[in-house]
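Below is model08.cif, which holds mmCIF, C-alpha atoms.
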```
data_protein
#
loop_
_atom_site.group_PDB
_atom_site.id
_atom_site.type_symbol
_atom_site.label_atom_id
_atom_site.label_comp_id
_atom_site.auth_asym_id
_atom_site.auth_seq_id
_atom_site.Cartn_x
_atom_site.Cartn_y
_atom_site.Cartn_z
ATOM 1 C CA MET A 57 2.673 31.405 18.172
ATOM 2 C CA LYS A 58 4.705 33.462 20.489
ATOM 3 C CA HIS A 59 5.637 31.363 23.526
ATOM 4 C CA THR A 60 2.425 29.383 23.347
ATOM 5 C CA ASP A 61 2.281 25.769 24.326
ATOM 6 C CA ILE A 62 1.513 23.270 21.596
ATOM 7 C CA ASP A 63 -0.582 21.082 23.920
ATOM 8 C CA PRO A 64 -3.915 22.955 23.544
ATOM 9 C CA TRP A 65 -3.678 22.532 19.765
ATOM 10 C CA CYS A 66 -3.063 18.791 20.066
ATOM 11 C CA THR A 67 -6.166 18.102 22.151
ATOM 12 C CA ASP A 68 -8.456 17.049 19.331
ATOM 13 C CA GLU A 69 -8.571 16.409 15.596
ATOM 14 C CA ARG A 70 -10.357 19.640 14.735
ATOM 15 C CA ARG A 71 -7.970 21.973 16.578
ATOM 16 C CA ALA A 72 -4.918 20.103 15.290
ATOM 17 C CA ARG A 73 -6.145 20.391 11.697
ATOM 18 C CA PHE A 74 -6.688 24.126 12.224
ATOM 19 C CA ALA A 75 -3.030 24.374 13.299
ATOM 20 C CA LEU A 76 -1.775 22.184 10.441
ATOM 21 C CA ALA A 77 -3.689 24.287 7.924
ATOM 22 C CA HIS A 78 -1.706 27.307 9.106
ATOM 23 C CA LEU A 79 1.666 25.558 9.267
ATOM 24 C CA CYS A 80 1.818 23.176 6.318
ATOM 25 C CA ASP A 81 1.859 23.641 2.604
ATOM 26 C CA PRO A 82 -1.280 22.436 0.827
ATOM 27 C CA ALA A 83 -1.314 18.821 -0.339
ATOM 28 C CA ASP A 84 1.801 17.815 1.589
ATOM 29 C CA ALA A 85 1.556 14.063 0.999
ATOM 30 C CA VAL A 86 3.835 13.182 3.940
ATOM 31 C CA ILE A 87 1.816 15.236 6.426
ATOM 32 C CA ASP A 88 -1.488 14.096 4.924
ATOM 33 C CA ALA A 89 -0.510 10.419 5.076
ATOM 34 C CA SER A 90 0.605 10.840 8.689
ATOM 35 C CA CYS A 91 -2.765 12.412 9.550
ATOM 36 C CA ALA A 92 -4.554 9.506 7.892
ATOM 37 C CA ARG A 93 -2.484 6.948 9.849
ATOM 38 C CA GLN A 94 -2.094 8.596 13.244
ATOM 39 C CA GLY A 95 -4.539 11.497 13.327
ATOM 40 C CA ALA A 96 -3.867 15.210 13.205
ATOM 41 C CA PRO A 97 -2.990 15.702 16.920
ATOM 42 C CA ALA A 98 -0.156 13.149 16.800
ATOM 43 C CA THR A 99 1.008 14.482 13.431
ATOM 44 C CA LEU A 100 1.156 18.054 14.724
ATOM 45 C CA ALA A 101 3.108 17.001 17.812
ATOM 46 C CA ARG A 102 5.539 14.926 15.729
ATOM 47 C CA LEU A 103 5.941 17.714 13.154
ATOM 48 C CA LEU A 104 6.894 20.311 15.729
ATOM 49 C CA GLY A 105 9.004 17.802 17.645
ATOM 50 C CA GLY A 106 11.072 16.918 14.596
ATOM 51 C CA GLY A 107 9.704 13.385 14.328
ATOM 52 C CA ILE A 108 8.589 13.448 10.698
ATOM 53 C CA PRO A 109 11.335 12.558 8.206
ATOM 54 C CA HIS A 110 12.109 15.152 5.522
ATOM 55 C CA ARG A 111 10.229 17.881 7.406
ATOM 56 C CA ASP A 112 12.675 20.344 8.950
ATOM 57 C CA ARG A 113 11.843 20.952 12.612
ATOM 58 C CA GLU A 114 13.320 24.464 12.443
ATOM 59 C CA VAL A 115 11.165 25.488 9.467
ATOM 60 C CA TYR A 116 7.934 24.346 11.085
ATOM 61 C CA GLY A 117 9.035 25.632 14.479
ATOM 62 C CA LEU A 118 9.639 29.047 12.926
ATOM 63 C CA ARG A 119 6.221 28.957 11.289
ATOM 64 C CA TRP A 120 4.703 27.963 14.640
ATOM 65 C CA HIS A 121 6.316 30.898 16.434
ATOM 66 C CA ARG A 122 5.280 33.380 13.722
ATOM 67 C CA CYS A 123 1.671 32.226 13.601
ATOM 68 C CA ASP A 124 -0.763 33.343 16.274
ATOM 69 C CA LEU A 125 -3.442 30.665 16.123
ATOM 70 C CA ASP A 126 -5.464 32.157 18.971
ATOM 71 C CA THR A 127 -5.757 35.433 17.051
ATOM 72 C CA GLU A 128 -6.603 33.567 13.833
ATOM 73 C CA HIS A 129 -9.255 31.569 15.675
ATOM 74 C CA ASP A 130 -10.762 34.732 17.216
ATOM 75 C CA ARG A 131 -10.675 36.562 13.871
ATOM 76 C CA ALA A 132 -12.602 33.739 12.206
ATOM 77 C CA LYS A 133 -15.295 34.011 14.884
ATOM 78 C CA GLU A 134 -15.368 37.793 14.463
ATOM 79 C CA LEU A 135 -15.942 37.454 10.719
ATOM 80 C CA GLY A 136 -18.649 34.835 11.139
ATOM 81 C CA VAL A 137 -16.424 32.169 9.640
ATOM 82 C CA ARG A 138 -16.791 28.589 10.689
ATOM 83 C CA TRP A 139 -14.138 26.001 9.982
ATOM 84 C CA VAL A 140 -15.032 22.582 8.783
ATOM 85 C CA THR A 141 -12.835 19.480 8.953
ATOM 86 C CA ARG A 142 -13.291 15.976 7.519
ATOM 87 C CA ARG A 143 -15.161 14.589 10.493
ATOM 88 C CA ASN A 144 -17.649 17.467 10.535
ATOM 89 C CA PRO A 145 -21.087 16.670 9.048
ATOM 90 C CA GLU A 146 -20.767 19.824 6.922
ATOM 91 C CA TRP A 147 -17.696 18.437 5.088
ATOM 92 C CA PRO A 148 -18.537 17.965 1.377
ATOM 93 C CA ARG A 149 -18.224 14.212 0.774
ATOM 94 C CA GLY A 150 -16.985 14.831 -2.772
ATOM 95 C CA LEU A 151 -13.699 16.006 -1.270
ATOM 96 C CA ASP A 152 -13.130 12.500 0.047
ATOM 97 C CA ASP A 153 -12.535 11.466 -3.573
ATOM 98 C CA VAL A 154 -9.217 13.373 -3.634
ATOM 99 C CA GLY A 155 -7.857 11.203 -0.829
ATOM 100 C CA VAL A 156 -5.279 12.321 1.664
ATOM 101 C CA VAL A 157 -4.491 15.544 -0.180
ATOM 102 C CA ALA A 158 -7.840 17.122 0.707
ATOM 103 C CA PRO A 159 -7.435 20.363 2.667
ATOM 104 C CA HIS A 160 -7.060 20.116 6.435
ATOM 105 C CA VAL A 161 -9.722 22.768 6.945
ATOM 106 C CA LEU A 162 -12.344 24.588 4.921
ATOM 107 C CA TRP A 163 -13.180 28.082 6.118
ATOM 108 C CA VAL A 164 -16.850 28.654 5.432
ATOM 109 C CA ARG A 165 -18.784 31.886 5.421
ATOM 110 C CA GLY A 166 -22.507 32.034 4.804
ATOM 111 C CA HIS A 167 -25.643 30.395 6.085
ATOM 112 C CA ALA A 168 -25.963 27.354 3.846
ATOM 113 C CA ASN A 169 -24.762 23.982 5.051
ATOM 114 C CA LEU A 170 -21.732 23.302 2.867
ATOM 115 C CA ALA A 171 -22.283 19.542 2.542
ATOM 116 C CA SER A 172 -25.927 20.003 1.568
ATOM 117 C CA ALA A 173 -25.075 22.785 -0.866
ATOM 118 C CA CYS A 174 -22.483 20.572 -2.572
ATOM 119 C CA ASP A 175 -24.648 17.450 -2.801
ATOM 120 C CA LEU A 176 -25.945 18.581 -6.186
ATOM 121 C CA SER A 177 -23.339 20.931 -7.580
ATOM 122 C CA LEU A 178 -21.534 21.813 -10.764
ATOM 123 C CA ALA A 179 -18.185 23.564 -11.163
ATOM 124 C CA MET A 180 -18.122 26.359 -13.716
ATOM 125 C CA VAL A 181 -14.653 27.731 -14.384
ATOM 126 C CA GLY A 182 -13.070 29.391 -17.357
ATOM 127 C CA ALA A 183 -10.953 32.162 -18.766
ATOM 128 C CA ARG A 184 -10.476 35.437 -16.952
ATOM 129 C CA ALA A 185 -10.184 37.261 -20.249
ATOM 130 C CA CYS A 186 -13.374 35.859 -21.736
ATOM 131 C CA THR A 187 -15.570 37.377 -24.400
ATOM 132 C CA HIS A 188 -18.835 39.148 -23.560
ATOM 133 C CA TYR A 189 -20.636 36.239 -25.192
ATOM 134 C CA GLY A 190 -18.799 33.742 -22.981
ATOM 135 C CA ALA A 191 -19.672 35.710 -19.830
ATOM 136 C CA ASP A 192 -23.329 35.978 -20.907
ATOM 137 C CA VAL A 193 -23.569 32.235 -21.545
ATOM 138 C CA ALA A 194 -21.889 31.397 -18.218
ATOM 139 C CA ARG A 195 -24.250 33.746 -16.348
ATOM 140 C CA ALA A 196 -27.358 32.400 -18.117
ATOM 141 C CA TRP A 197 -26.438 28.735 -17.653
ATOM 142 C CA ALA A 198 -25.530 29.270 -13.993
ATOM 143 C CA ALA A 199 -28.842 31.051 -13.349
ATOM 144 C CA GLU A 200 -30.829 28.285 -15.048
ATOM 145 C CA LEU A 201 -28.974 25.533 -13.193
ATOM 146 C CA ALA A 202 -29.244 27.343 -9.837
ATOM 147 C CA ALA A 203 -32.968 27.876 -10.354
ATOM 148 C CA SER A 204 -33.341 24.109 -10.743
ATOM 149 C CA GLY A 205 -31.517 23.429 -7.448
ATOM 150 C CA VAL A 206 -27.930 22.971 -8.627
ATOM 151 C CA THR A 207 -25.281 24.796 -6.599
ATOM 152 C CA ILE A 208 -22.694 26.488 -8.800
ATOM 153 C CA VAL A 209 -19.109 26.114 -7.585
ATOM 154 C CA SER A 210 -16.340 28.308 -8.930
ATOM 155 C CA GLY A 211 -13.147 30.092 -8.001
ATOM 156 C CA GLY A 212 -14.365 33.655 -8.132
ATOM 157 C CA ALA A 213 -11.799 34.982 -10.589
ATOM 158 C CA PHE A 214 -12.776 37.618 -13.117
ATOM 159 C CA GLY A 215 -14.374 36.417 -16.334
ATOM 160 C CA ILE A 216 -16.287 33.137 -16.535
ATOM 161 C CA ASP A 217 -16.021 32.386 -12.800
ATOM 162 C CA ALA A 218 -17.470 35.747 -11.747
ATOM 163 C CA ALA A 219 -20.209 35.542 -14.378
ATOM 164 C CA ALA A 220 -21.195 32.085 -13.128
ATOM 165 C CA HIS A 221 -21.412 33.368 -9.538
ATOM 166 C CA ARG A 222 -23.535 36.356 -10.615
ATOM 167 C CA GLY A 223 -25.934 34.100 -12.500
ATOM 168 C CA ALA A 224 -26.221 31.634 -9.624
ATOM 169 C CA LEU A 225 -26.773 34.387 -7.042
ATOM 170 C CA ALA A 226 -29.690 35.685 -9.079
ATOM 171 C CA ALA A 227 -31.513 32.354 -8.828
ATOM 172 C CA GLY A 228 -30.059 30.061 -6.174
ATOM 173 C CA ASN A 229 -26.858 28.981 -4.421
ATOM 174 C CA THR A 230 -23.229 29.418 -5.279
ATOM 175 C CA VAL A 231 -20.034 28.318 -3.548
ATOM 176 C CA LEU A 232 -16.828 30.280 -4.032
ATOM 177 C CA ILE A 233 -13.613 28.293 -3.573
ATOM 178 C CA THR A 234 -10.581 30.441 -2.900
ATOM 179 C CA ALA A 235 -7.082 29.558 -1.792
ATOM 180 C CA GLY A 236 -6.626 32.968 -0.171
ATOM 181 C CA GLY A 237 -9.243 32.595 2.538
ATOM 182 C CA VAL A 238 -12.613 34.176 3.174
ATOM 183 C CA ASP A 239 -11.499 37.655 4.218
ATOM 184 C CA PRO A 240 -8.943 38.875 1.620
ATOM 185 C CA PRO A 241 -10.602 40.923 -1.136
ATOM 186 C CA TYR A 242 -9.468 38.868 -4.117
ATOM 187 C CA PRO A 243 -10.284 39.312 -6.849
#
```
Written as structure tokens, how would this file's structure read?
Amino acid sequence: MKHTDIDPWCTDERRARFALAHLCDPADAVIDASCARQGAPATLARLLGGGIPHRDREVYGLRWHRCDLDTEHDRAKELGVRWVTRRNPEWPRGLDDVGVVAPHVLWVRGHANLASACDLSLAMVGARACTHYGADVARAWAAELAASGVTIVSGGAFGIDAAAHRGALAAGNTVLITAGGVDPPYP
């Protein structure tokens, strides 16, 4: 963030996690453990102040100055994206099973409540270069499961993932999990 004070981003858990999601690498066990012990606001302040061992203050300071969190926050609103953190009722409780390495933030687009959608869900993932038969089976199974109330969760890649999403969309709910965010057109 260009010449922006850190204090507004350390005011609460949700805002601090939004900042950490932009600054830190995914599944950084040191940062995640610090958040679990001290909370995200204190972790963010310590990270940018150089108070976390083995985390270079200059690297994170540079990331901080290059990232415009206010613009990112406004862009999410513009796109109709809401961001969900662990303490939000929409957080899928199944993510608690992965422990401290769960993402800081989930960016969610769509009308369904994410926690409710994931209560009864099944991940369908597979090869990008699948056979036509494989894609047909994935689509048919996903449609049948979605019609019976199961939410299909997949990564959205070509092949099995995309076929599963198409089948689920024809009959019920699907959740796309992507590391690239909700606005980049990938795949």
Among the residues A:Gly228, A:Pro64, A:Gly150, A:Gly182, the one that comes closest to A:Ala168 [using all atoms listed in the file]: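 Among the listed residues, the smallest separation from A:Ala168 belongs to A:Gly228.
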Chain and number of each residue from the PyMOL selection byres ((chain A and resi 77-80) around 8), as an NGL selection string: :A and (73-76 or 81-82 or 84 or 87 or 116 or 119-120 or 123 or 125 or 159-161)
Residue members of the PyMOL selection byres ((chain A and resi 104) around 12) in the file shown, as a PyMOL selection string: chain A and resi 61-63+65-66+72+75-76+79-80+87+97-103+105-109+111-121
How would you write, as a PyMOL selection string, the residues chosen by the PyMOL selection byres ((chain A and resi 214) around 9) on this structure? chain A and resi 183-186+212-213+215-219+243
Grab all the atoms of stretch 112-126 of chain A that the file lists, wrap them in a box along x, y and z, add 4 Å per side, and give me centre plus edge lengths in Å (one decimal) as lines of an AutoDock Vina configuration file.
```
center_x = 3.9
center_y = 26.9
center_z = 14.0
size_x = 26.8
size_y = 21.0
size_z = 18.0
```
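For the pair atom CA of A:Asp88 and atom CA of A:Ala158, the interatomic distance is 8.2 Å.
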What is the distance, in Å and to one decimal place, between atom CA of A:Ser177 and atom CA of A:Cys91? 28.1 Å
Go through A:Ala226, A:Met180, A:Cys174, A:Leu232 and flag the residue nearest A:Thr207, using all atoms listed in the file for the distances. A:Cys174
At a cut-off of 12 Å from (-17.5, 16.1, -0.1) in the coordinates of the file, what residues are picked up using only C-alpha atoms, written as a PyMOL selection string? chain A and resi 140-155+158-159+162+169-177
For those residues, write C-alpha atoms to a file as an mmCIF file, in the frame of the given file.
```
data_model
loop_
_atom_site.group_PDB
_atom_site.id
_atom_site.type_symbol
_atom_site.label_atom_id
_atom_site.label_comp_id
_atom_site.auth_asym_id
_atom_site.auth_seq_id
_atom_site.Cartn_x
_atom_site.Cartn_y
_atom_site.Cartn_z
ATOM 1 C CA VAL A 140 -15.032 22.582 8.783
ATOM 2 C CA THR A 141 -12.835 19.480 8.953
ATOM 3 C CA ARG A 142 -13.291 15.976 7.519
ATOM 4 C CA ARG A 143 -15.161 14.589 10.493
ATOM 5 C CA ASN A 144 -17.649 17.467 10.535
ATOM 6 C CA PRO A 145 -21.087 16.670 9.048
ATOM 7 C CA GLU A 146 -20.767 19.824 6.922
ATOM 8 C CA TRP A 147 -17.696 18.437 5.088
ATOM 9 C CA PRO A 148 -18.537 17.965 1.377
ATOM 10 C CA ARG A 149 -18.224 14.212 0.774
ATOM 11 C CA GLY A 150 -16.985 14.831 -2.772
ATOM 12 C CA LEU A 151 -13.699 16.006 -1.270
ATOM 13 C CA ASP A 152 -13.130 12.500 0.047
ATOM 14 C CA ASP A 153 -12.535 11.466 -3.573
ATOM 15 C CA VAL A 154 -9.217 13.373 -3.634
ATOM 16 C CA GLY A 155 -7.857 11.203 -0.829
ATOM 17 C CA ALA A 158 -7.840 17.122 0.707
ATOM 18 C CA PRO A 159 -7.435 20.363 2.667
ATOM 19 C CA LEU A 162 -12.344 24.588 4.921
ATOM 20 C CA ASN A 169 -24.762 23.982 5.051
ATOM 21 C CA LEU A 170 -21.732 23.302 2.867
ATOM 22 C CA ALA A 171 -22.283 19.542 2.542
ATOM 23 C CA SER A 172 -25.927 20.003 1.568
ATOM 24 C CA ALA A 173 -25.075 22.785 -0.866
ATOM 25 C CA CYS A 174 -22.483 20.572 -2.572
ATOM 26 C CA ASP A 175 -24.648 17.450 -2.801
ATOM 27 C CA LEU A 176 -25.945 18.581 -6.186
ATOM 28 C CA SER A 177 -23.339 20.931 -7.580
#
```
